[in-house]
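Undergrad: Take a look at final.cif, mmCIF, C-alpha atoms:
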```
data_input
#
loop_
_atom_site.label_atom_id
_atom_site.label_comp_id
_atom_site.auth_asym_id
_atom_site.auth_seq_id
_atom_site.Cartn_x
_atom_site.Cartn_y
_atom_site.Cartn_z
CA MET P 1386 0.00 0.00 0.00
CA ASN P 1387 2.89 2.35 0.65
CA LEU P 1388 4.13 1.97 -2.93
CA LEU P 1389 0.57 2.46 -4.21
CA TYR P 1390 0.27 5.74 -2.32
CA ILE P 1391 3.62 7.00 -3.57
CA ASN P 1392 2.71 6.05 -7.14
CA THR P 1393 -0.58 7.92 -6.78
CA MET P 1394 1.29 11.07 -5.69
CA LYS P 1395 3.63 10.72 -8.66
CA LYS P 1396 0.64 10.44 -10.99
CA ILE P 1397 -0.89 13.58 -9.52
CA ALA P 1398 2.39 15.48 -9.97
CA PHE P 1399 2.57 14.23 -13.57
CA VAL P 1400 -0.98 15.37 -14.30
CA ILE P 1401 -0.22 18.84 -12.91
CA ALA P 1402 2.94 19.07 -15.03
CA VAL P 1403 1.10 17.95 -18.18
CA ALA P 1404 -1.70 20.43 -17.51
CA ILE P 1405 0.79 23.28 -17.14
CA ALA P 1406 2.56 22.31 -20.36
CA SER P 1407 -0.73 21.98 -22.25
CA LEU P 1408 -2.09 25.30 -21.05
CA SER P 1409 1.22 27.00 -21.80
CA SER P 1410 1.18 25.63 -25.35
CA ALA P 1411 -2.43 26.69 -25.86
CA GLN P 1412 -1.61 30.24 -24.77
CA ALA P 1413 1.72 30.52 -26.63
CA GLN P 1414 0.31 32.93 -29.20
CA THR P 1415 -0.96 35.37 -26.58
CA GLN P 1416 1.08 38.56 -26.88
CA ALA P 1417 0.18 40.47 -23.72
CA PRO P 1418 -1.94 40.25 -20.56
CA ALA P 1419 -5.63 41.04 -20.87
CA ALA P 1420 -6.57 44.71 -20.65
CA ASN P 1421 -8.71 43.99 -17.59
CA PRO P 1422 -6.40 44.06 -14.54
CA LEU P 1423 -8.76 41.82 -12.54
CA ARG P 1424 -8.61 38.12 -13.42
CA PHE P 1425 -9.73 34.84 -11.89
CA VAL P 1426 -7.21 32.17 -10.92
CA VAL P 1427 -7.47 28.44 -10.25
CA GLY P 1428 -4.59 26.20 -9.24
CA ALA P 1429 -3.41 22.93 -7.77
CA GLY P 1430 -0.18 21.73 -6.22
CA LEU P 1431 1.81 19.40 -4.03
CA THR P 1432 3.27 20.30 -0.62
CA ALA P 1433 5.62 18.61 1.84
CA GLY P 1434 6.66 19.25 5.43
CA GLY P 1435 5.26 19.77 8.89
CA ASP P 1436 5.17 17.60 12.01
CA LYS P 1437 3.90 14.04 11.87
CA LEU P 1438 0.26 13.81 12.99
CA ALA P 1439 -0.38 10.10 12.53
CA THR P 1440 1.09 6.96 10.99
CA ALA P 1441 -0.93 4.38 9.11
CA GLU P 1442 0.64 0.91 9.26
CA TYR P 1443 -0.39 -1.77 6.79
CA ALA P 1444 -0.56 -5.52 7.07
CA ASN P 1445 2.24 -5.95 4.52
CA GLY P 1446 4.59 -3.99 6.76
CA GLY P 1447 4.41 -0.67 4.92
CA SER P 1448 3.43 2.61 6.55
CA ILE P 1449 2.53 6.19 5.61
CA ASP P 1450 2.80 9.33 7.71
CA VAL P 1451 0.14 12.02 7.65
CA ARG P 1452 1.86 15.37 8.17
CA ALA P 1453 0.69 18.87 9.06
CA GLY P 1454 2.29 20.31 5.91
CA GLY P 1455 1.19 17.79 3.26
CA MET P 1456 0.12 16.94 0.63
CA ILE P 1457 -2.35 18.13 -2.03
CA ALA P 1458 -3.85 21.62 -2.32
CA PHE P 1459 -6.39 23.34 -4.56
CA LEU P 1460 -7.13 27.06 -4.79
CA ALA P 1461 -9.42 29.53 -6.53
CA GLY P 1462 -9.68 33.29 -6.33
CA VAL P 1463 -8.89 36.62 -7.97
CA ASP P 1464 -5.68 38.31 -9.11
CA TYR P 1465 -5.41 42.09 -9.49
CA ARG P 1466 -2.62 43.83 -11.44
CA VAL P 1467 -2.16 47.29 -9.90
CA ASN P 1468 0.45 48.39 -12.44
CA GLN P 1469 3.44 46.98 -14.31
CA GLN P 1470 5.36 46.27 -11.10
CA PHE P 1471 2.79 45.32 -8.46
CA SER P 1472 -0.13 42.94 -8.09
CA PHE P 1473 -2.30 41.30 -5.43
CA GLN P 1474 -3.97 37.92 -5.15
CA GLY P 1475 -6.71 36.59 -2.89
CA THR P 1476 -7.67 32.92 -2.82
CA VAL P 1477 -9.59 30.29 -0.89
CA GLY P 1478 -8.46 26.69 -0.95
CA PHE P 1479 -8.63 23.13 0.25
CA HIS P 1480 -5.48 21.45 1.61
CA VAL P 1481 -5.37 17.76 2.55
CA ASP P 1482 -3.03 14.92 3.46
CA GLN P 1483 -4.37 11.38 3.62
CA ALA P 1484 -3.31 7.80 4.18
CA SER P 1485 -5.95 5.53 2.72
CA ALA P 1486 -6.67 1.84 2.12
CA LYS P 1487 -9.66 -0.31 1.26
CA ASN P 1488 -10.51 -0.71 4.94
CA GLY P 1489 -10.30 2.94 5.99
CA ASP P 1490 -8.27 6.15 6.01
CA VAL P 1491 -6.67 8.88 8.10
CA THR P 1492 -7.10 12.45 6.83
CA PHE P 1493 -5.84 15.90 7.83
CA LYS P 1494 -7.81 18.61 6.06
CA ARG P 1495 -8.03 22.40 6.31
CA PHE P 1496 -9.34 25.40 4.36
CA PRO P 1497 -6.77 28.18 3.80
CA ILE P 1498 -7.59 31.77 2.84
CA GLU P 1499 -4.65 33.77 1.50
CA VAL P 1500 -3.99 37.43 0.67
CA LEU P 1501 -0.69 37.97 -1.16
CA GLY P 1502 1.18 40.92 -2.65
CA TYR P 1503 3.78 40.71 -5.44
CA PHE P 1504 6.59 42.68 -7.04
CA HIS P 1505 7.21 42.02 -10.76
CA PRO P 1506 10.89 42.34 -11.74
CA SER P 1507 9.85 41.27 -15.25
CA ASP P 1508 6.77 40.22 -17.23
CA LYS P 1509 7.75 36.57 -16.75
CA MET P 1510 8.36 36.55 -13.00
CA ARG P 1511 7.05 37.89 -9.74
CA ILE P 1512 8.02 37.45 -6.08
CA GLY P 1513 6.03 38.19 -2.98
CA GLY P 1514 4.22 36.95 0.07
CA GLY P 1515 1.49 37.63 2.54
CA VAL P 1516 -0.77 36.09 5.14
CA ARG P 1517 -2.59 32.76 5.26
CA TYR P 1518 -5.58 32.11 7.51
CA VAL P 1519 -6.36 28.41 7.97
CA SER P 1520 -9.92 27.49 8.92
CA SER P 1521 -11.25 24.25 10.41
CA PRO P 1522 -8.04 22.17 10.55
CA LYS P 1523 -9.00 18.65 11.62
CA LEU P 1524 -7.43 15.19 11.78
CA ASN P 1525 -9.80 12.24 11.69
CA GLY P 1526 -10.06 8.68 10.51
CA ASP P 1527 -12.46 5.85 9.79
CA GLY P 1528 -12.13 2.12 9.33
CA PHE P 1529 -8.63 1.19 10.50
CA GLY P 1530 -8.20 4.83 11.59
CA ALA P 1531 -11.43 5.06 13.57
CA GLY P 1532 -9.59 5.93 16.80
CA VAL P 1533 -7.84 8.98 15.27
CA TYR P 1534 -9.47 12.34 15.90
CA GLN P 1535 -8.06 15.78 16.72
CA GLU P 1536 -9.39 19.28 16.12
CA PHE P 1537 -7.05 22.29 15.90
CA ASP P 1538 -7.66 25.99 16.40
CA ASN P 1539 -7.84 28.22 13.35
CA THR P 1540 -4.44 29.75 12.73
CA VAL P 1541 -2.61 32.51 10.84
CA GLY P 1542 0.63 31.88 8.96
CA ALA P 1543 3.01 33.58 6.54
CA VAL P 1544 3.69 32.84 2.86
CA LEU P 1545 6.74 33.54 0.69
CA GLU P 1546 6.71 32.58 -2.98
CA GLY P 1547 7.93 33.18 -6.48
CA GLU P 1548 6.02 32.59 -9.70
CA TYR P 1549 7.21 32.12 -13.27
CA PHE P 1550 4.80 32.74 -16.15
CA PHE P 1551 5.05 30.50 -19.20
CA SER P 1552 2.41 32.79 -20.73
CA PRO P 1553 0.12 35.51 -19.33
CA ASN P 1554 -2.38 32.78 -18.45
CA VAL P 1555 -0.16 30.00 -17.06
CA GLY P 1556 2.12 30.24 -14.03
CA LEU P 1557 4.28 27.89 -11.97
CA LYS P 1558 4.94 28.93 -8.38
CA LEU P 1559 7.30 27.73 -5.67
CA ARG P 1560 6.41 28.63 -2.11
CA TYR P 1561 7.29 28.36 1.57
CA VAL P 1562 4.64 28.55 4.28
CA LYS P 1563 5.30 29.03 7.98
CA GLU P 1564 2.40 28.18 10.28
CA GLU P 1565 1.62 26.47 13.57
CA TYR P 1566 -1.47 24.64 14.80
CA GLU P 1567 -2.68 24.48 18.38
CA SER P 1568 -5.07 22.05 20.05
CA ASN P 1569 -6.28 21.89 23.64
CA TYR P 1570 -6.88 18.84 25.78
CA ALA P 1571 -7.77 18.27 29.43
CA ILE P 1572 -6.16 15.87 31.93
CA ARG P 1573 -7.41 15.65 35.52
CA GLY P 1574 -9.18 18.98 35.29
CA ARG P 1575 -6.25 20.88 33.79
CA THR P 1576 -6.18 22.18 30.23
CA TYR P 1577 -3.04 21.80 28.13
CA THR P 1578 -2.10 23.20 24.72
CA GLU P 1579 -0.29 21.12 22.14
CA LYS P 1580 1.54 22.92 19.31
CA THR P 1581 2.14 21.35 15.90
CA LYS P 1582 4.32 22.87 13.18
CA GLY P 1583 2.71 23.02 9.74
CA ASP P 1584 5.69 24.61 7.93
CA HIS P 1585 5.94 23.32 4.36
CA VAL P 1586 7.18 23.92 0.83
CA GLY P 1587 5.08 23.52 -2.28
CA ILE P 1588 4.90 23.68 -6.05
CA PHE P 1589 1.73 24.90 -7.79
CA GLY P 1590 0.43 25.26 -11.32
CA ASN P 1591 -1.97 28.19 -11.79
CA PHE P 1592 -4.26 29.16 -14.66
CA TYR P 1593 -5.47 32.77 -15.03
CA PHE P 1594 -8.52 33.82 -17.04
#
```
Show me the file's structure as structure tokens.
TA:
Amino acid sequence: MNLLYINTMKKIAFVIAVAIASLSSAQAQTQAPAANPLRFVVGAGLTAGGDKLATAEYANGGSIDVRAGGMIAFLAGVDYRVNQQFSFQGTVGFHVDQASAKNGDVTFKRFPIEVLGYFHPSDKMRIGGGVRYVSSPKLNGDGFGAGVYQEFDNTVGAVLEGEYFFSPNVGLKLRYVKEEYESNYAIRGRTYTEKTKGDHVGIFGNFYF
């Protein structure tokens, strides 16, 4: 099952790469960005990092870790070009890491909202960062993972990233996110706070329209 999971992640990465290449080719004849400075954006990517939240062990001896910074993310939102050198982007997304099998799964899911600002050193590249608010982070399982459950407080993190544009409509971004999750639990009448690092790196393909 471990190899199956890894192969699935490789297939997802391949699909993202093919989609970027296809969209780039389709937009190759575009000469300049659209006159309208406000555009919509959709994207998907892979992330890695963060503390280990749970480990799924399989009967064949394999295992998979579910981490606070993994694994697959989707986003949608708007992108606004202020002028030739500056732009802003606001998105909402879904970010999930999962260890799954036929008899159950363990999943860590959350819903990030990001507001980012960018500087454009050229028409092909921009660098920037901003804030990331993560809503409803939760770890849970069913089947073999039925005993796994943990809710975390909403949290605010920071984002740094760079994006390269193959065309005005297709971008590839590399990013680093720094964030931390907190959860509370009670033992013998006393409340304790557990902190979990969600720091991660990621690669995303974005399409603008």
Undergrad: Tell me which residues the PyMOL selection byres ((chain P and resi 1535-1542) around 9) grabs here, as a list in words.
TA: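 Checked against the file, the PyMOL selection byres ((chain P and resi 1535-1542) around 9) matches Gly1515, Val1516, Arg1517, Tyr1518, Val1519, Ser1520, Ser1521, Pro1522, Lys1523, Leu1524, Asn1525, Val1533, Tyr1534, Ala1543, Val1544, Val1562, Lys1563, Glu1564, Glu1565, Tyr1566, Glu1567, Ser1568, Asn1569 and Asp1584 of chain P.
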Undergrad: With all atoms listed in the file as the atoms that count, which of P:Gly1475, P:Gly1513, P:Gly1434, P:Gly1489 lies nearest to Glu1548 in chain P?
TA: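 Looking only at the distances to Glu1548 in chain P, the closest residue turns out to be P:Gly1513.
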Undergrad: List the residues selected by the PyMOL selection byres ((chain P and resi 1433) around 12) in the file shown, writing them as a ChimeraX atom specification.
TA: /P:1394,1430-1432,1434-1437,1450-1458,1480-1482,1559-1562,1583-1588
Undergrad: Step by step: start from the point (4.6, 38.3, -9.0) in the file's coordinates, keep every protein, DNA or RNA residue that has an atom no farther than 8 Å from it, count all atoms listed in the file, and write the set as a list in words.
TA: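 Result, sorted by chain then residue number: Phe1471, Ser1472, Gly1502, Tyr1503, Phe1504, His1505, Pro1506, Met1510, Arg1511, Ile1512, Gly1513, Gly1547, Glu1548 and Tyr1549 of chain P.
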Undergrad: Evaluate the PyMOL selection byres ((chain P and resi 1528) around 12) here and jot the selected residues down as a list in words.
TA: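 Those residues are Ala1441, Ala1484, Ser1485, Ala1486, Lys1487, Asn1488, Gly1489, Asp1490, Val1491, Thr1492, Asn1525, Gly1526, Asp1527, Phe1529, Gly1530, Ala1531, Gly1532 and Val1533 of chain P.
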Undergrad: My list of candidates is P:Gly1428, P:Leu1501, P:Leu1423, P:Asn1468. Which is closest to Gly1590 in chain P when distances are computed with all atoms listed in the file?
TA: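 Among P:Gly1428, P:Leu1501, P:Leu1423, P:Asn1468, it is P:Gly1428 that comes nearest to Gly1590 in chain P.
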Undergrad: If I take CA of Arg1495 in chain P and CA of Gly1478 in chain P, how far is one from the other in Å, to one decimal?
TA: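 Computed distance, CA of Arg1495 in chain P to CA of Gly1478 in chain P, equals 8.4 Å.
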Undergrad: To one decimal in Å, tell me the separation between CA of Phe1459 in chain P and CA of Phe1479 in chain P.
TA: 5.3 Å
Undergrad: Expressed in Å to a single decimal, how great is the separation between CA of Ala1429 in chain P and CA of Phe1592 in chain P?
TA: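 For CA of Ala1429 in chain P relative to CA of Phe1592 in chain P, the distance reads 9.3 Å.
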Undergrad: Choose the residue, out of P:Leu1438, P:Val1555, P:Ala1461, P:Leu1545, that has the smallest atom-to-atom separation from Lys1494 in chain P; count only C-alpha atoms.
TA: P:Leu1438
Undergrad: Taking only C-alpha atoms into account, name the residue in P:Gln1483, P:Asn1421, P:Asn1445, P:Ser1552 that is nearest to Val1467 in chain P.
TA: P:Asn1421
Undergrad: Would you list the contacts of Tyr1593 in chain P as number ranges by chain, taking every protein, DNA or RNA residue within 9 Å and counting all atoms listed in the file, but skipping same-chain residues closer than 6 positions in sequence?
TA: P: 1424-1428, 1463-1464, 1553-1556
